[in-house]
Amino acid sequence: MPGFQPNFDRLKNSNVIPDVEENMLPQAVHDVIENLTDEEIAVLENISKRTGSHIYLNKDHSIICGF
């Protein structure tokens, strides 16, 4: 399992989480990113690539899927 930083960088570089900064993440979201498998990241990358959608955090740090 790659861990948080490689997973975060992969999601950021593939435009899945373009507007999310590391220091914005609540611990629960940090933990989820840390534990994502390559297959799960690939699904998120594919959704982003095919639909133009991305994930961001609102002002209350809720996770939102946007287009």
# chains A, B, ... in the order shown; residues from 1 in each chain; ligands from 1
>>> residues_around(residues="Glu22 of chain A", least_positions_apart="3", cutoff="9 Å", atoms="only C-alpha atoms", output="mmCIF file with N, CA and C atoms, in the first residue's frame")
data_model
loop_
_atom_site.group_PDB
_atom_site.id
_atom_site.type_symbol
_atom_site.label_atom_id
_atom_site.label_comp_id
_atom_site.auth_asym_id
_atom_site.auth_seq_id
_atom_site.Cartn_x
_atom_site.Cartn_y
_atom_site.Cartn_z
ATOM 1 N N PHE A 8 -2.179 10.840 -2.399
ATOM 2 C CA PHE A 8 -2.612 12.231 -2.521
ATOM 3 C C PHE A 8 -2.046 12.846 -3.800
ATOM 4 N N LEU A 25 -7.315 18.890 4.876
ATOM 5 C CA LEU A 25 -7.977 17.607 5.066
ATOM 6 C C LEU A 25 -8.213 17.268 6.531
ATOM 7 N N HIS A 30 -7.924 12.187 5.377
ATOM 8 C CA HIS A 30 -6.507 11.818 5.261
ATOM 9 C C HIS A 30 -6.363 10.298 5.351
#
>>> select_by_dssp(residues="chain A", states="strand (DSSP E or B)", output="short mmCIF file (atom, residue, chain, number, x, y, z; two decimals) with C-alpha atoms, in the first residue's frame")
data_model
loop_
_atom_site.label_atom_id
_atom_site.label_comp_id
_atom_site.auth_asym_id
_atom_site.auth_seq_id
_atom_site.Cartn_x
_atom_site.Cartn_y
_atom_site.Cartn_z
CA HIS A 54 -13.67 16.22 -9.41
CA ILE A 55 -13.80 16.07 -5.63
CA TYR A 56 -13.39 19.08 -3.39
CA LEU A 57 -14.06 20.07 0.21
CA ILE A 63 -16.63 16.11 0.53
CA ILE A 64 -18.46 17.24 -2.60
CA CYS A 65 -18.30 15.89 -6.13
CA GLY A 66 -18.36 18.72 -8.67
#
>>> residues_around(residues="Asn13 of chain A", least_positions_apart="5", cutoff="12 Å", atoms="only C-alpha atoms", output="compact mmCIF listing (two decimals) with all heavy atoms, in the first residue's frame")
# COMPACT_ATOMS: atom_id res chain seq x y z
N GLN A 5 0.95 10.13 1.04
CA GLN A 5 1.56 11.08 0.11
C GLN A 5 1.51 10.62 -1.34
O GLN A 5 1.09 11.39 -2.21
CB GLN A 5 2.99 11.42 0.52
CG GLN A 5 3.52 12.68 -0.16
CD GLN A 5 2.69 13.91 0.20
OE1 GLN A 5 2.51 14.21 1.38
NE2 GLN A 5 2.19 14.62 -0.79
N PRO A 6 1.90 9.39 -1.65
CA PRO A 6 1.80 8.95 -3.05
C PRO A 6 0.36 8.95 -3.56
O PRO A 6 0.10 9.33 -4.70
CB PRO A 6 2.38 7.54 -3.05
CG PRO A 6 3.21 7.46 -1.81
CD PRO A 6 2.56 8.38 -0.83
N ASN A 7 -0.58 8.53 -2.72
CA ASN A 7 -1.99 8.52 -3.13
C ASN A 7 -2.50 9.93 -3.34
O ASN A 7 -3.19 10.22 -4.32
CB ASN A 7 -2.85 7.80 -2.09
CG ASN A 7 -2.67 6.30 -2.12
OD1 ASN A 7 -2.07 5.75 -3.03
ND2 ASN A 7 -3.20 5.63 -1.10
N PHE A 8 -2.18 10.84 -2.40
CA PHE A 8 -2.61 12.23 -2.52
C PHE A 8 -2.05 12.85 -3.80
O PHE A 8 -2.77 13.48 -4.56
CB PHE A 8 -2.18 13.03 -1.29
CG PHE A 8 -2.60 14.47 -1.35
CD1 PHE A 8 -3.87 14.84 -0.95
CD2 PHE A 8 -1.74 15.45 -1.82
CE1 PHE A 8 -4.28 16.17 -1.01
CE2 PHE A 8 -2.14 16.78 -1.89
CZ PHE A 8 -3.41 17.13 -1.48
N PRO A 18 -8.40 18.61 -7.60
CA PRO A 18 -7.55 19.72 -8.03
C PRO A 18 -7.43 20.87 -7.04
O PRO A 18 -6.40 21.52 -6.97
CB PRO A 18 -8.21 20.18 -9.33
CG PRO A 18 -9.65 19.79 -9.17
CD PRO A 18 -9.60 18.50 -8.40
N ASP A 19 -8.46 21.13 -6.27
CA ASP A 19 -8.47 22.29 -5.39
C ASP A 19 -8.27 21.94 -3.93
O ASP A 19 -8.47 22.78 -3.06
CB ASP A 19 -9.80 23.04 -5.54
CG ASP A 19 -10.02 23.52 -6.97
OD1 ASP A 19 -9.04 23.92 -7.60
OD2 ASP A 19 -11.16 23.46 -7.45
N VAL A 20 -7.86 20.73 -3.64
CA VAL A 20 -7.69 20.29 -2.25
C VAL A 20 -6.21 20.37 -1.88
O VAL A 20 -5.36 19.88 -2.60
CB VAL A 20 -8.21 18.85 -2.07
CG1 VAL A 20 -7.96 18.36 -0.66
CG2 VAL A 20 -9.70 18.78 -2.40
N ILE A 41 -8.11 4.07 -6.67
CA ILE A 41 -7.65 5.33 -7.26
C ILE A 41 -7.91 5.33 -8.76
O ILE A 41 -8.33 6.34 -9.32
CB ILE A 41 -6.16 5.58 -6.94
CG1 ILE A 41 -6.00 5.85 -5.44
CG2 ILE A 41 -5.62 6.76 -7.75
CD1 ILE A 41 -4.57 6.00 -4.98
N GLU A 45 -9.87 8.12 -10.88
CA GLU A 45 -9.23 8.77 -12.04
C GLU A 45 -10.07 8.59 -13.30
O GLU A 45 -10.23 9.53 -14.08
CB GLU A 45 -7.83 8.19 -12.27
CG GLU A 45 -6.84 8.58 -11.22
CD GLU A 45 -5.51 7.85 -11.36
OE1 GLU A 45 -5.49 6.68 -11.79
OE2 GLU A 45 -4.50 8.46 -10.99
N SER A 48 -13.14 10.86 -13.17
CA SER A 48 -12.73 12.23 -13.43
C SER A 48 -12.44 12.45 -14.91
O SER A 48 -12.88 13.45 -15.50
CB SER A 48 -11.50 12.57 -12.59
OG SER A 48 -11.05 13.87 -12.87
N LYS A 49 -11.72 11.53 -15.49
CA LYS A 49 -11.33 11.64 -16.90
C LYS A 49 -12.53 11.59 -17.83
O LYS A 49 -12.65 12.38 -18.76
CB LYS A 49 -10.35 10.52 -17.23
CG LYS A 49 -9.80 10.55 -18.63
CD LYS A 49 -8.81 9.40 -18.79
CE LYS A 49 -8.28 9.32 -20.19
NZ LYS A 49 -7.36 8.19 -20.35
N HIS A 54 -14.76 16.27 -10.36
CA HIS A 54 -13.67 16.22 -9.41
C HIS A 54 -14.23 16.32 -8.00
O HIS A 54 -15.39 16.63 -7.81
CB HIS A 54 -12.65 17.33 -9.67
CG HIS A 54 -13.24 18.70 -9.58
ND1 HIS A 54 -13.82 19.33 -10.66
CD2 HIS A 54 -13.34 19.56 -8.54
CE1 HIS A 54 -14.27 20.52 -10.27
NE2 HIS A 54 -13.99 20.68 -9.00
>>> residues_around(residues="segment 36-40 of chain A", least_positions_apart="4", cutoff="9 Å", atoms="only C-alpha atoms", output="PDB file with C-alpha atoms, in the first residue's frame")
ATOM      1  CA  MET A   1       0.000   0.000   0.000  1.00  0.00           C
ATOM      2  CA  PRO A   2       1.581   3.295  -1.085  1.00  0.00           C
ATOM      3  CA  GLY A   3       0.353   5.472   1.797  1.00  0.00           C
ATOM      4  CA  PHE A   4      -0.964   8.990   2.026  1.00  0.00           C
ATOM      5  CA  ASN A   7      -1.987   8.519  -3.126  1.00  0.00           C
ATOM      6  CA  ASP A  31      -6.971   8.252   6.504  1.00  0.00           C
ATOM      7  CA  VAL A  32      -9.231   7.334   3.580  1.00  0.00           C
ATOM      8  CA  LEU A  44     -11.648   7.775  -9.273  1.00  0.00           C
ATOM      9  CA  GLU A  45      -9.230   8.774 -12.037  1.00  0.00           C
TER      10      GLU A  45
END
>>> atom_distance(atom1="atom CA of Ala42 of chain A", atom2="atom CA of Arg10 of chain A")
9.7 Å
>>> select_by_dssp(residues="chain A", states="alpha helix (DSSP H)", output="NGL selection string")
:A and (4-13 or 27-34 or 38-51)
>>> write_last_selection(atoms="N, CA and C atoms", output="mmCIF file, in the first residue's frame")
data_model
loop_
_atom_site.group_PDB
_atom_site.id
_atom_site.type_symbol
_atom_site.label_atom_id
_atom_site.label_comp_id
_atom_site.auth_asym_id
_atom_site.auth_seq_id
_atom_site.Cartn_x
_atom_site.Cartn_y
_atom_site.Cartn_z
ATOM 1 N N PHE A 4 -0.285 7.733 2.292
ATOM 2 C CA PHE A 4 -0.964 8.990 2.026
ATOM 3 C C PHE A 4 -0.318 9.808 0.913
ATOM 4 N N GLN A 5 0.948 10.130 1.042
ATOM 5 C CA GLN A 5 1.560 11.084 0.108
ATOM 6 C C GLN A 5 1.514 10.621 -1.345
ATOM 7 N N PRO A 6 1.900 9.389 -1.647
ATOM 8 C CA PRO A 6 1.801 8.954 -3.050
ATOM 9 C C PRO A 6 0.357 8.952 -3.557
ATOM 10 N N ASN A 7 -0.579 8.530 -2.716
ATOM 11 C CA ASN A 7 -1.987 8.519 -3.126
ATOM 12 C C ASN A 7 -2.502 9.933 -3.337
ATOM 13 N N PHE A 8 -2.179 10.840 -2.399
ATOM 14 C CA PHE A 8 -2.612 12.231 -2.521
ATOM 15 C C PHE A 8 -2.046 12.846 -3.800
ATOM 16 N N ASP A 9 -0.763 12.653 -4.027
ATOM 17 C CA ASP A 9 -0.130 13.217 -5.224
ATOM 18 C C ASP A 9 -0.758 12.666 -6.496
ATOM 19 N N ARG A 10 -1.050 11.389 -6.508
ATOM 20 C CA ARG A 10 -1.668 10.774 -7.694
ATOM 21 C C ARG A 10 -3.056 11.369 -7.946
ATOM 22 N N LEU A 11 -3.858 11.519 -6.889
ATOM 23 C CA LEU A 11 -5.192 12.104 -7.043
ATOM 24 C C LEU A 11 -5.108 13.566 -7.474
ATOM 25 N N LYS A 12 -4.176 14.287 -6.898
ATOM 26 C CA LYS A 12 -3.992 15.708 -7.224
ATOM 27 C C LYS A 12 -3.531 15.860 -8.679
ATOM 28 N N ASN A 13 -2.533 15.095 -9.075
ATOM 29 C CA ASN A 13 -1.966 15.211 -10.424
ATOM 30 C C ASN A 13 -2.908 14.734 -11.512
ATOM 31 N N GLN A 27 -8.718 14.585 9.495
ATOM 32 C CA GLN A 27 -8.002 13.324 9.686
ATOM 33 C C GLN A 27 -8.717 12.150 9.035
ATOM 34 N N ALA A 28 -10.045 12.130 9.090
ATOM 35 C CA ALA A 28 -10.792 11.013 8.498
ATOM 36 C C ALA A 28 -10.558 10.922 6.992
ATOM 37 N N VAL A 29 -10.518 12.060 6.307
ATOM 38 C CA VAL A 29 -10.285 12.067 4.863
ATOM 39 C C VAL A 29 -8.831 11.680 4.573
ATOM 40 N N HIS A 30 -7.924 12.187 5.377
ATOM 41 C CA HIS A 30 -6.507 11.818 5.261
ATOM 42 C C HIS A 30 -6.363 10.298 5.351
ATOM 43 N N ASP A 31 -7.043 9.702 6.313
ATOM 44 C CA ASP A 31 -6.971 8.252 6.504
ATOM 45 C C ASP A 31 -7.537 7.489 5.314
ATOM 46 N N VAL A 32 -8.631 7.990 4.750
ATOM 47 C CA VAL A 32 -9.231 7.334 3.580
ATOM 48 C C VAL A 32 -8.257 7.369 2.410
ATOM 49 N N ILE A 33 -7.678 8.541 2.152
ATOM 50 C CA ILE A 33 -6.723 8.661 1.043
ATOM 51 C C ILE A 33 -5.534 7.735 1.270
ATOM 52 N N GLU A 34 -5.059 7.683 2.498
ATOM 53 C CA GLU A 34 -3.914 6.841 2.836
ATOM 54 C C GLU A 34 -4.176 5.371 2.532
ATOM 55 N N ASP A 38 -4.648 0.884 -5.350
ATOM 56 C CA ASP A 38 -4.424 1.336 -6.724
ATOM 57 C C ASP A 38 -5.685 1.206 -7.562
ATOM 58 N N GLU A 39 -6.433 0.139 -7.328
ATOM 59 C CA GLU A 39 -7.671 -0.077 -8.084
ATOM 60 C C GLU A 39 -8.706 0.998 -7.770
ATOM 61 N N GLU A 40 -8.825 1.371 -6.510
ATOM 62 C CA GLU A 40 -9.786 2.411 -6.121
ATOM 63 C C GLU A 40 -9.390 3.766 -6.693
ATOM 64 N N ILE A 41 -8.113 4.072 -6.672
ATOM 65 C CA ILE A 41 -7.649 5.332 -7.258
ATOM 66 C C ILE A 41 -7.906 5.325 -8.756
ATOM 67 N N ALA A 42 -7.681 4.197 -9.400
ATOM 68 C CA ALA A 42 -7.925 4.101 -10.839
ATOM 69 C C ALA A 42 -9.388 4.373 -11.167
ATOM 70 N N VAL A 43 -10.310 3.900 -10.343
ATOM 71 C CA VAL A 43 -11.734 4.170 -10.557
ATOM 72 C C VAL A 43 -11.999 5.673 -10.459
ATOM 73 N N LEU A 44 -11.454 6.331 -9.430
ATOM 74 C CA LEU A 44 -11.648 7.775 -9.273
ATOM 75 C C LEU A 44 -11.036 8.541 -10.445
ATOM 76 N N GLU A 45 -9.866 8.122 -10.885
ATOM 77 C CA GLU A 45 -9.230 8.774 -12.037
ATOM 78 C C GLU A 45 -10.074 8.592 -13.296
ATOM 79 N N ASN A 46 -10.626 7.411 -13.482
ATOM 80 C CA ASN A 46 -11.441 7.129 -14.651
ATOM 81 C C ASN A 46 -12.723 7.969 -14.643
ATOM 82 N N ILE A 47 -13.354 8.081 -13.496
ATOM 83 C CA ILE A 47 -14.563 8.913 -13.385
ATOM 84 C C ILE A 47 -14.228 10.360 -13.723
ATOM 85 N N SER A 48 -13.139 10.859 -13.171
ATOM 86 C CA SER A 48 -12.733 12.235 -13.430
ATOM 87 C C SER A 48 -12.440 12.454 -14.906
ATOM 88 N N LYS A 49 -11.716 11.526 -15.487
ATOM 89 C CA LYS A 49 -11.326 11.644 -16.899
ATOM 90 C C LYS A 49 -12.534 11.593 -17.827
ATOM 91 N N ARG A 50 -13.456 10.695 -17.552
ATOM 92 C CA ARG A 50 -14.598 10.494 -18.452
ATOM 93 C C ARG A 50 -15.718 11.510 -18.268
ATOM 94 N N THR A 51 -15.863 12.037 -17.063
ATOM 95 C CA THR A 51 -16.992 12.932 -16.806
ATOM 96 C C THR A 51 -16.577 14.375 -16.566
#
>>> decode(residues="chain A", atoms="C-alpha atoms", output="PDB file, in the first residue's frame")
ATOM      1  CA  MET A   1       0.000   0.000   0.000  1.00  0.00           C
ATOM      2  CA  PRO A   2       1.581   3.295  -1.085  1.00  0.00           C
ATOM      3  CA  GLY A   3       0.353   5.472   1.797  1.00  0.00           C
ATOM      4  CA  PHE A   4      -0.964   8.990   2.026  1.00  0.00           C
ATOM      5  CA  GLN A   5       1.560  11.084   0.108  1.00  0.00           C
ATOM      6  CA  PRO A   6       1.801   8.954  -3.050  1.00  0.00           C
ATOM      7  CA  ASN A   7      -1.987   8.519  -3.126  1.00  0.00           C
ATOM      8  CA  PHE A   8      -2.612  12.231  -2.521  1.00  0.00           C
ATOM      9  CA  ASP A   9      -0.130  13.217  -5.224  1.00  0.00           C
ATOM     10  CA  ARG A  10      -1.668  10.774  -7.694  1.00  0.00           C
ATOM     11  CA  LEU A  11      -5.192  12.104  -7.043  1.00  0.00           C
ATOM     12  CA  LYS A  12      -3.992  15.708  -7.224  1.00  0.00           C
ATOM     13  CA  ASN A  13      -1.966  15.211 -10.424  1.00  0.00           C
ATOM     14  CA  SER A  14      -4.802  13.378 -12.153  1.00  0.00           C
ATOM     15  CA  ASN A  15      -7.243  16.238 -11.368  1.00  0.00           C
ATOM     16  CA  VAL A  16      -9.457  14.143  -9.098  1.00  0.00           C
ATOM     17  CA  ILE A  17      -8.869  16.615  -6.247  1.00  0.00           C
ATOM     18  CA  PRO A  18      -7.547  19.719  -8.034  1.00  0.00           C
ATOM     19  CA  ASP A  19      -8.474  22.293  -5.389  1.00  0.00           C
ATOM     20  CA  VAL A  20      -7.692  20.292  -2.253  1.00  0.00           C
ATOM     21  CA  GLU A  21      -4.593  21.070  -0.221  1.00  0.00           C
ATOM     22  CA  GLU A  22      -3.107  18.627   2.272  1.00  0.00           C
ATOM     23  CA  ASN A  23      -3.535  20.982   5.216  1.00  0.00           C
ATOM     24  CA  MET A  24      -7.286  21.284   4.476  1.00  0.00           C
ATOM     25  CA  LEU A  25      -7.977  17.607   5.066  1.00  0.00           C
ATOM     26  CA  PRO A  26      -9.700  16.391   8.211  1.00  0.00           C
ATOM     27  CA  GLN A  27      -8.002  13.324   9.686  1.00  0.00           C
ATOM     28  CA  ALA A  28     -10.792  11.013   8.498  1.00  0.00           C
ATOM     29  CA  VAL A  29     -10.285  12.067   4.863  1.00  0.00           C
ATOM     30  CA  HIS A  30      -6.507  11.818   5.261  1.00  0.00           C
ATOM     31  CA  ASP A  31      -6.971   8.252   6.504  1.00  0.00           C
ATOM     32  CA  VAL A  32      -9.231   7.334   3.580  1.00  0.00           C
ATOM     33  CA  ILE A  33      -6.723   8.661   1.043  1.00  0.00           C
ATOM     34  CA  GLU A  34      -3.914   6.841   2.836  1.00  0.00           C
ATOM     35  CA  ASN A  35      -5.751   3.526   2.577  1.00  0.00           C
ATOM     36  CA  LEU A  36      -6.942   3.717  -1.037  1.00  0.00           C
ATOM     37  CA  THR A  37      -5.801   0.847  -3.224  1.00  0.00           C
ATOM     38  CA  ASP A  38      -4.424   1.336  -6.724  1.00  0.00           C
ATOM     39  CA  GLU A  39      -7.671  -0.077  -8.084  1.00  0.00           C
ATOM     40  CA  GLU A  40      -9.786   2.411  -6.121  1.00  0.00           C
ATOM     41  CA  ILE A  41      -7.649   5.332  -7.258  1.00  0.00           C
ATOM     42  CA  ALA A  42      -7.925   4.101 -10.839  1.00  0.00           C
ATOM     43  CA  VAL A  43     -11.734   4.170 -10.557  1.00  0.00           C
ATOM     44  CA  LEU A  44     -11.648   7.775  -9.273  1.00  0.00           C
ATOM     45  CA  GLU A  45      -9.230   8.774 -12.037  1.00  0.00           C
ATOM     46  CA  ASN A  46     -11.441   7.129 -14.651  1.00  0.00           C
ATOM     47  CA  ILE A  47     -14.563   8.913 -13.385  1.00  0.00           C
ATOM     48  CA  SER A  48     -12.733  12.235 -13.430  1.00  0.00           C
ATOM     49  CA  LYS A  49     -11.326  11.644 -16.899  1.00  0.00           C
ATOM     50  CA  ARG A  50     -14.598  10.494 -18.452  1.00  0.00           C
ATOM     51  CA  THR A  51     -16.992  12.932 -16.806  1.00  0.00           C
ATOM     52  CA  GLY A  52     -14.848  15.957 -15.996  1.00  0.00           C
ATOM     53  CA  SER A  53     -15.939  15.699 -12.372  1.00  0.00           C
ATOM     54  CA  HIS A  54     -13.668  16.222  -9.410  1.00  0.00           C
ATOM     55  CA  ILE A  55     -13.800  16.065  -5.626  1.00  0.00           C
ATOM     56  CA  TYR A  56     -13.388  19.081  -3.387  1.00  0.00           C
ATOM     57  CA  LEU A  57     -14.065  20.074   0.212  1.00  0.00           C
ATOM     58  CA  ASN A  58     -16.609  22.741   1.073  1.00  0.00           C
ATOM     59  CA  LYS A  59     -16.090  25.280   3.875  1.00  0.00           C
ATOM     60  CA  ASP A  60     -17.289  22.718   6.428  1.00  0.00           C
ATOM     61  CA  HIS A  61     -14.798  20.158   5.056  1.00  0.00           C
ATOM     62  CA  SER A  62     -17.616  18.051   3.625  1.00  0.00           C
ATOM     63  CA  ILE A  63     -16.626  16.106   0.535  1.00  0.00           C
ATOM     64  CA  ILE A  64     -18.458  17.237  -2.597  1.00  0.00           C
ATOM     65  CA  CYS A  65     -18.303  15.892  -6.134  1.00  0.00           C
ATOM     66  CA  GLY A  66     -18.364  18.720  -8.672  1.00  0.00           C
ATOM     67  CA  PHE A  67     -18.366  19.079 -12.426  1.00  0.00           C
TER      68      PHE A  67
END
